[in-house]
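target-v1.txt follows (compact mmCIF, C-alpha atoms):
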```txt
# COMPACT_ATOMS: atom_id res chain seq x y z
CA MET H 248 115.02 102.57 96.67
CA ASP H 249 111.98 104.70 95.82
CA LEU H 250 110.50 104.51 92.29
CA ILE H 251 107.62 106.71 91.13
CA SER H 252 105.90 107.64 87.88
CA LEU H 253 104.13 110.88 86.98
CA TRP H 254 102.03 112.04 84.05
CA LEU H 255 102.96 115.53 82.80
CA ALA H 256 100.50 117.05 80.37
CA SER H 257 102.61 119.99 79.16
CA ALA H 258 105.98 121.69 79.17
CA GLU H 259 104.71 123.88 82.05
CA ASN H 260 103.92 120.74 84.06
CA THR H 261 107.43 119.46 83.34
CA VAL H 262 108.98 122.69 84.64
CA PHE H 263 106.71 122.49 87.71
CA SER H 264 107.80 118.91 88.39
CA GLY H 265 111.43 119.95 88.08
CA ARG H 266 110.86 122.66 90.67
CA SER H 267 109.44 120.11 93.08
CA LEU H 268 112.60 117.99 92.96
CA ALA H 269 114.43 120.74 94.87
CA SER H 270 112.17 120.05 97.87
CA THR H 271 113.19 116.41 98.26
CA LEU H 272 116.98 116.61 98.52
CA TYR H 273 118.79 115.14 101.52
CA GLY H 274 122.50 115.35 100.94
CA LEU H 275 125.45 116.33 98.78
CA PRO H 276 127.21 115.51 96.56
CA LEU H 277 124.39 114.40 94.29
CA ASP H 278 124.17 113.36 90.65
CA ILE H 279 120.93 113.70 88.69
CA HIS H 280 120.75 111.57 85.56
CA LEU H 281 118.34 112.69 82.85
CA ILE H 282 117.35 110.18 80.20
CA GLY H 283 114.99 110.64 77.27
CA GLU H 284 114.90 111.30 73.56
CA LEU H 285 115.24 114.72 71.97
CA GLY H 286 112.27 116.89 72.89
CA ALA H 287 111.26 114.71 75.85
CA GLY H 288 111.57 117.63 78.26
CA LYS H 289 114.92 117.12 79.99
CA THR H 290 115.98 120.77 79.72
CA HIS H 291 112.51 122.02 80.72
CA PHE H 292 112.70 119.83 83.81
CA LEU H 293 116.14 121.15 84.72
CA GLN H 294 115.05 124.75 84.17
CA GLY H 295 112.40 124.31 86.84
CA PHE H 296 114.85 122.56 89.15
CA ALA H 297 117.51 125.25 88.76
CA LYS H 298 115.00 128.03 89.37
CA ALA H 299 113.82 126.36 92.59
CA LEU H 300 117.46 126.12 93.72
CA GLY H 301 117.80 129.86 93.26
CA VAL H 302 120.06 129.80 90.20
CA LYS H 303 119.84 133.32 88.78
CA GLU H 304 121.07 132.67 85.25
CA ALA H 305 118.75 131.24 82.62
CA LEU H 306 119.60 127.55 82.20
CA THR H 307 119.97 126.50 78.57
CA SER H 308 120.97 123.24 76.94
CA PRO H 309 124.76 122.79 77.08
CA THR H 310 124.77 120.54 73.98
CA TYR H 311 127.50 122.56 72.27
CA ALA H 312 129.29 123.90 75.34
CA LEU H 313 129.02 120.38 76.88
CA GLU H 314 129.35 121.71 80.42
CA GLN H 315 128.00 124.77 82.23
CA HIS H 316 128.48 125.85 85.85
CA TYR H 317 125.99 127.70 88.03
CA ARG H 318 125.57 128.54 91.69
CA ALA H 319 122.44 127.97 93.78
CA ALA H 320 121.12 130.56 96.23
CA ASP H 321 122.74 128.73 99.17
CA GLY H 322 126.13 128.62 97.43
CA THR H 323 125.87 125.02 96.20
CA ASP H 324 127.70 124.37 92.93
CA PHE H 325 125.36 123.24 90.16
CA ILE H 326 126.96 121.63 87.10
CA HIS H 327 124.97 120.90 83.93
CA ILE H 328 126.52 118.42 81.48
CA ASP H 329 125.20 117.14 78.15
CA CYS H 330 126.63 113.89 76.74
CA TYR H 331 124.53 113.78 73.56
CA ARG H 332 127.35 114.47 71.06
CA LEU H 333 130.01 112.43 72.83
CA SER H 334 131.10 108.83 72.61
CA SER H 335 130.80 106.85 75.83
CA GLY H 336 134.56 107.11 76.38
CA ASP H 337 134.70 110.86 75.76
CA ALA H 338 131.70 111.41 77.99
CA ARG H 339 133.31 109.40 80.76
CA SER H 340 136.45 111.53 80.44
CA LEU H 341 134.36 114.71 80.62
CA LEU H 342 132.58 113.51 83.75
CA ALA H 343 135.84 112.45 85.37
CA ALA H 344 136.91 116.08 85.53
CA THR H 345 134.05 116.82 87.98
CA ASP H 346 133.73 113.47 89.76
CA ASP H 347 135.06 115.13 92.90
CA HIS H 348 132.40 117.83 92.93
CA GLY H 349 130.71 118.58 96.24
CA GLY H 350 127.42 119.92 94.90
CA ILE H 351 124.81 118.90 92.34
CA ARG H 352 125.68 117.55 88.90
CA ALA H 353 122.90 117.16 86.32
CA ILE H 354 123.86 114.84 83.44
CA GLU H 355 121.69 114.77 80.32
CA TRP H 356 121.89 111.59 78.20
CA ALA H 357 123.47 109.77 81.15
CA ASP H 358 122.37 106.44 79.65
CA ARG H 359 124.98 106.89 76.90
CA VAL H 360 127.83 106.73 79.43
CA GLU H 361 129.17 103.52 80.90
CA SER H 362 129.39 103.84 84.72
CA PRO H 363 128.40 107.52 84.60
CA THR H 364 128.44 108.27 88.31
CA VAL H 365 130.30 107.74 91.55
CA HIS H 366 127.86 109.65 93.76
CA PRO H 367 124.38 109.14 95.20
CA THR H 368 122.02 109.43 92.27
CA ILE H 369 118.50 110.41 91.30
CA ARG H 370 117.49 109.10 87.85
CA ILE H 371 114.86 110.95 85.82
CA HIS H 372 113.49 109.27 82.69
CA LEU H 373 111.17 111.28 80.43
CA GLU H 374 109.20 109.76 77.58
CA GLU H 375 106.76 111.44 75.20
CA LYS H 376 103.41 109.66 75.11
CA ASP H 377 100.19 110.76 73.41
CA SER H 378 99.68 114.43 74.34
CA GLY H 379 102.11 114.61 77.22
CA ARG H 380 105.08 113.01 78.93
CA GLU H 381 105.58 110.20 81.37
CA LEU H 382 108.23 110.82 84.01
CA SER H 383 109.83 108.00 85.98
CA CYS H 384 112.02 108.86 88.95
CA THR H 385 114.31 106.44 90.75
CA TYR H 386 115.92 107.60 93.99
CA GLU H 387 119.23 105.90 94.68
CA ASP H 388 120.62 108.44 97.13
CA MET H 389 119.51 107.27 100.58
CA ALA H 390 119.32 104.15 102.72
CA ILE H 391 115.80 103.01 103.68
CA PRO H 392 115.13 100.40 106.38
CA SER H 393 112.82 97.50 105.69
CA ARG H 394 109.52 96.99 107.47
CA ASP H 395 111.07 93.95 109.17
CA GLU H 396 113.93 96.08 110.49
CA ILE H 397 111.51 98.62 111.93
CA GLN H 398 109.49 95.89 113.62
CA LYS H 399 112.73 94.58 115.12
CA TRP H 400 113.45 98.05 116.53
CA GLN H 401 109.92 98.24 117.98
CA LYS H 402 110.54 95.00 119.85
CA GLU H 403 113.99 96.16 120.94
CA VAL H 404 112.59 99.28 122.63
CA MET H 405 109.38 97.49 123.74
CA LEU H 406 107.27 100.15 122.07
CA PRO H 407 103.70 100.17 123.47
CA GLU H 408 101.09 98.79 121.09
CA HIS H 409 98.99 101.97 120.98
CA ILE H 410 102.04 103.92 119.72
CA GLN H 411 102.73 101.28 117.07
CA LEU H 412 99.11 101.64 115.92
CA HIS H 413 99.49 105.42 115.80
CA CYS H 414 102.68 105.14 113.71
CA ASP H 415 101.00 102.78 111.25
CA ALA H 416 97.98 105.07 110.95
CA VAL H 417 100.24 108.06 110.23
CA ALA H 418 102.14 105.95 107.66
CA ASN H 419 98.93 104.98 105.87
CA PHE H 420 97.76 108.59 105.86
CA CYS H 421 101.14 109.70 104.47
CA GLY H 422 100.60 107.22 101.64
CA ALA H 423 97.23 108.75 100.82
CA LEU H 424 98.61 112.30 100.99
CA SER H 425 101.55 111.33 98.77
CA ALA H 426 99.15 110.02 96.12
CA VAL H 427 97.35 113.39 96.05
CA LEU H 428 100.58 115.30 95.45
CA LEU H 429 101.93 112.81 92.90
CA ARG H 430 98.78 113.28 90.83
CA ARG H 431 99.62 117.00 90.76
CA GLY H 432 103.08 116.25 89.35
CA ILE H 433 105.01 116.82 92.59
CA LEU H 434 108.06 114.63 93.09
CA LEU H 435 108.49 113.03 96.50
CA ARG H 436 109.57 109.76 98.14
CA PRO H 437 106.54 107.65 99.14
CA LEU H 438 108.48 104.66 100.47
CA ALA H 439 110.97 106.69 102.51
CA LEU H 440 108.11 108.80 103.87
CA ARG H 441 106.18 105.67 104.89
CA ARG H 442 109.20 104.25 106.69
CA ALA H 443 109.79 107.59 108.44
CA ALA H 444 106.16 107.62 109.58
CA GLU H 445 106.36 104.02 110.81
CA VAL H 446 109.29 104.95 113.03
CA HIS H 447 108.59 108.60 113.91
CA ASP H 448 107.36 107.84 117.45
CA LEU H 449 109.69 104.91 118.10
CA LEU H 450 111.00 106.62 121.26
CA ARG H 451 107.79 108.44 122.21
CA PHE H 452 108.08 107.09 125.74
CA LEU H 453 111.03 109.42 126.39
CA ASP H 454 108.46 112.20 126.86
CA PHE H 455 106.16 110.27 129.20
CA ARG H 456 105.53 112.14 132.43
CA PRO H 457 105.65 110.38 135.82
CA GLY H 458 102.16 109.80 137.15
CA ALA H 459 100.44 110.55 133.83
CA SER H 460 97.18 108.76 133.15
CA GLY H 461 95.30 107.74 130.03
CA PRO H 462 96.73 106.24 126.84
CA PHE H 463 100.12 107.83 127.44
CA SER H 464 100.44 106.63 131.02
CA SER H 465 103.98 106.18 132.30
CA VAL H 466 103.00 103.11 134.34
CA TYR H 467 104.32 100.00 132.59
CA PRO H 468 105.54 96.55 133.66
CA GLU H 469 108.90 96.51 135.38
CA ASP H 470 110.83 94.91 132.51
CA GLN H 471 109.36 97.37 129.99
CA GLN H 472 110.09 100.33 132.25
CA ALA H 473 113.70 99.13 132.57
CA VAL H 474 114.04 99.22 128.78
CA PHE H 475 112.52 102.72 128.68
CA ASP H 476 114.98 103.85 131.35
CA PHE H 477 117.90 102.48 129.32
CA TRP H 478 116.93 104.58 126.29
CA LYS H 479 116.22 107.62 128.46
CA ASN H 480 119.76 107.37 129.75
CA HIS H 481 121.16 106.72 126.28
CA PHE H 482 119.43 109.86 124.94
CA ALA H 483 119.54 111.94 128.11
CA GLY H 484 118.20 115.45 127.53
CA PHE H 485 116.61 114.55 124.16
CA LYS H 486 112.95 114.87 123.27
CA HIS H 487 111.57 111.91 121.38
CA GLU H 488 111.85 113.57 117.94
CA SER H 489 115.56 114.33 118.17
CA ALA H 490 116.24 111.03 119.95
CA CYS H 491 114.57 109.07 117.15
CA ALA H 492 116.61 111.01 114.59
CA ALA H 493 119.80 110.16 116.49
CA PHE H 494 118.72 106.50 116.76
CA LEU H 495 118.32 106.34 112.97
CA ARG H 496 121.61 108.09 112.28
CA GLU H 497 123.45 105.68 114.55
CA ARG H 498 122.18 102.92 112.25
CA GLY H 499 123.14 104.62 108.99
CA TYR H 500 119.77 106.18 108.10
CA GLU H 501 120.82 109.83 107.99
CA ALA H 502 118.09 111.05 105.61
CA LEU H 503 115.32 109.25 107.48
CA GLY H 504 116.59 110.89 110.64
CA ALA H 505 116.18 114.28 108.97
CA MET H 506 112.58 113.40 108.05
CA VAL H 507 111.50 112.51 111.60
CA GLU H 508 113.50 115.17 113.45
CA THR H 509 111.10 118.01 112.61
CA HIS H 510 107.72 116.35 113.22
CA GLY H 511 107.20 117.90 116.66
CA LEU H 512 105.44 121.17 117.43
CA SER H 513 107.91 124.03 117.76
CA ALA H 514 108.11 127.53 119.17
CA PRO H 515 107.51 130.49 116.83
CA GLY H 516 110.37 130.85 114.35
CA GLU H 517 111.97 127.51 115.26
CA SER H 518 110.53 125.18 112.62
CA ALA H 519 113.27 123.57 110.53
CA MET H 520 111.05 121.86 107.94
CA LYS H 521 112.43 122.23 104.42
CA THR H 522 111.58 119.09 102.47
CA ILE H 523 108.21 117.87 101.27
CA GLU H 524 108.55 114.66 103.30
CA GLN H 525 109.20 116.60 106.52
CA LYS H 526 106.10 118.69 105.89
CA LEU H 527 103.90 115.71 105.03
CA LEU H 528 104.98 113.73 108.10
CA PHE H 529 104.43 116.74 110.36
CA TYR H 530 100.99 117.36 108.85
CA ALA H 531 99.89 113.70 108.87
CA ASP H 532 100.92 113.35 112.52
CA LYS H 533 98.84 116.39 113.45
CA ARG H 534 95.81 114.91 111.70
CA THR H 535 96.07 111.54 113.45
CA ARG H 536 94.51 111.19 116.93
CA TYR H 537 95.73 107.88 118.29
CA ASP H 538 95.02 105.72 115.20
CA GLN H 539 92.16 107.74 113.69
CA ILE H 540 92.36 110.47 111.03
CA VAL H 541 90.54 113.59 112.22
CA SER H 542 90.31 117.25 111.26
CA LEU H 543 92.86 119.75 112.54
CA GLN H 544 90.17 121.28 114.74
CA GLU H 545 89.44 117.93 116.38
CA ARG H 546 93.13 117.15 116.80
CA PHE H 547 93.93 120.43 118.52
CA GLU H 548 90.91 120.13 120.76
CA ASP H 549 92.41 116.79 121.78
CA PHE H 550 95.78 118.50 122.46
CA ARG H 551 94.06 121.05 124.71
CA ASP H 552 92.17 118.36 126.60
CA ARG H 553 95.22 116.19 127.16
CA TYR H 554 97.91 118.74 127.85
CA ALA H 555 96.20 121.98 128.93
CA GLY H 556 93.08 120.88 130.81
CA GLY H 557 90.86 122.01 127.95
CA ARG H 558 92.16 125.58 128.09
CA ASP H 559 93.17 127.58 125.04
CA SER H 560 96.49 129.44 125.02
CA GLU H 561 98.60 131.66 122.81
CA GLN H 562 100.92 128.69 122.16
CA SER H 563 98.10 126.37 121.12
CA ARG H 564 96.69 129.04 118.80
CA PHE H 565 100.14 129.46 117.23
CA TRP H 566 100.44 125.71 116.72
CA TYR H 567 97.01 125.47 115.12
CA ASP H 568 97.71 128.42 112.81
CA GLU H 569 101.08 126.89 111.84
CA VAL H 570 99.57 123.55 110.85
CA ARG H 571 96.59 125.21 109.16
CA ALA H 572 98.94 127.34 107.03
CA LEU H 573 100.85 124.20 106.07
CA GLU H 574 97.58 122.50 105.13
CA VAL H 575 96.73 125.37 102.78
CA GLU H 576 100.26 125.30 101.31
CA LEU H 577 100.19 121.55 100.63
CA PHE H 578 96.52 121.18 99.70
CA PRO H 579 95.13 124.49 98.43
CA GLU H 580 92.13 122.63 97.02
CA GLY H 581 91.08 121.58 100.53
CA ALA H 582 92.06 119.20 103.30
CA PRO H 583 92.14 115.60 102.01
CA LEU H 584 90.19 112.88 103.80
CA ALA H 585 88.73 115.40 106.21
```
Could you render the structure from this file as structure tokens?
Amino acid sequence: MDLISLWLASAENTVFSGRSLASTLYGLPLDIHLIGELGAGKTHFLQGFAKALGVKEALTSPTYALEQHYRAADGTDFIHIDCYRLSSGDARSLLAATDDHGGIRAIEWADRVESPTVHPTIRIHLEEKDSGRELSCTYEDMAIPSRDEIQKWQKEVMLPEHIQLHCDAVANFCGALSAVLLRRGILLRPLALRRAAEVHDLLRFLDFRPGASGPFSSVYPEDQQAVFDFWKNHFAGFKHESACAAFLRERGYEALGAMVETHGLSAPGESAMKTIEQKLLFYADKRTRYDQIVSLQERFEDFRDRYAGGRDSEQSRFWYDEVRALEVELFPEGAPLA
């Protein structure tokens, strides 16, 4: 379970934060519980969220209508329910009518309803303080492995130590990048992102090339090579990114699989990154050379040296431009920890 807190200085910041929630969704159906006193900003938050989903109609408080239905740009049903004027029993009856929904259901005053949900849930609590609002967000909509479980997997696949060090460095950098965005009022999942980073190269050895030299040499002790060969057969035809995603899904970590699946460099027009965690993991990985944080320029010079004999190419220029554009999108104020 991820739990974060944000400080929102104005109604505009609250709308902005609501917009950001749309970039950290990993499955449907989903319930969003909104809790807070009158004027705390629940409707402002949902207005931003609905706009980011592509809802065309202006979202207003359904206090008197109790329930309003919208449609997101991708066709997802979006239901907005307000339980303020209802008893707990009446509210539960109202919710029961849409308990089988397959989209997104936003429930204001969810704390007034006993057992208000049967679906994966994100809880938003807004509280007025001084000259702004404090937002607390609890994600209860995805399974997250423990650090112990990840270390068990590393032993199971006999992951080389230098790759473990790289994963930990990327995870630490993801934590620092997350803190930057949280201070700007952007909702994301720091714990899930850290776990995804810790495991993103769990099966990196699937891409090792016979006869390679250097830190990614394919020459390993016989017992370790036998383990590598087992996983290569298990995920025959997979690159390490998609294999790691499949590994996680086999163990019930569907959302984490989605986070790691897109961290590899892609051909033009093939990137599938949609969520903020996918983008942060991709970016952090491209800033981490072995276990050191470097600039994008240094990292891509390293790519050229290792994989292209120091030569530039149209593909390498595309990759650099892609990551640079993402850097500007995520951190318009400048690259952090450069």
Can you work out which one of H:Leu527, H:Met506, H:Asp388, H:Tyr537 has the shortest atom-to-atom distance to Glu408 in chain H, counting only C-alpha atoms? H:Tyr537
Residues of range 347-375 of chain H that have any atom at most 10 Å from an atom of range 321-333 of chain H: could you tabulate them with the shortest-distance atom pair and the distance in Å to one decimal, using only C-alpha atoms, ordered by chain and increasing number, as JSON lines?
```
{"residue": "H:His348", "atom": "CA", "partner": "H:Asp324", "partner_atom": "CA", "distance": 8.1}
{"residue": "H:Gly349", "atom": "CA", "partner": "H:Asp324", "partner_atom": "CA", "distance": 7.3}
{"residue": "H:Gly350", "atom": "CA", "partner": "H:Asp324", "partner_atom": "CA", "distance": 4.9}
{"residue": "H:Ile351", "atom": "CA", "partner": "H:Phe325", "partner_atom": "CA", "distance": 4.9}
{"residue": "H:Arg352", "atom": "CA", "partner": "H:Ile326", "partner_atom": "CA", "distance": 4.6}
{"residue": "H:Ala353", "atom": "CA", "partner": "H:His327", "partner_atom": "CA", "distance": 4.9}
{"residue": "H:Ile354", "atom": "CA", "partner": "H:Ile328", "partner_atom": "CA", "distance": 4.9}
{"residue": "H:Glu355", "atom": "CA", "partner": "H:Asp329", "partner_atom": "CA", "distance": 4.8}
{"residue": "H:Trp356", "atom": "CA", "partner": "H:Cys330", "partner_atom": "CA", "distance": 5.5}
{"residue": "H:Ala357", "atom": "CA", "partner": "H:Cys330", "partner_atom": "CA", "distance": 6.8}
{"residue": "H:Asp358", "atom": "CA", "partner": "H:Cys330", "partner_atom": "CA", "distance": 9.1}
{"residue": "H:Arg359", "atom": "CA", "partner": "H:Cys330", "partner_atom": "CA", "distance": 7.2}
{"residue": "H:Val360", "atom": "CA", "partner": "H:Cys330", "partner_atom": "CA", "distance": 7.7}
```
Smallest atom-to-atom distance to Glu524 in chain H: which of H:Glu469, H:Asp395, H:Glu508, H:Asp549, using all atoms listed in the file?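 Among the listed residues, H:Glu508 lies closest to Glu524 in chain H.
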What would the list of residues within 9 Å of (98.5, 120.3, 76.4) (file frame) look like as a PyMOL selection string, if only C-alpha atoms are what count? chain H and resi 256-258+378-379
Between CA of Ser393 in chain H and CA of Leu577 in chain H, distance in Å (one decimal):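 Interatomic distance here is 27.6 Å.
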3 Å per side around range 351-362 of chain H: axis-aligned box centre and edge lengths, as lines of an AutoDock Vina configuration file:
```
center_x = 125.5
center_y = 111.2
center_z = 84.6
size_x = 13.7
size_y = 21.4
size_z = 21.4
```
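If all atoms listed in the file are the atoms counted, then among H:Phe482, H:Tyr500, H:Trp254, H:Tyr567 the closest residue to Gly274 in chain H is H:Tyr500.
Atom pair CA of Ser563 in chain H / CA of Phe485 in chain H has a distance of 22.2 Å (rounded to one decimal).
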Closest to Arg536 in chain H among H:His409, H:Arg558, H:Arg564, H:Arg571, using all atoms listed in the file?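 Distance minimum relative to Arg536 in chain H lands on H:His409.
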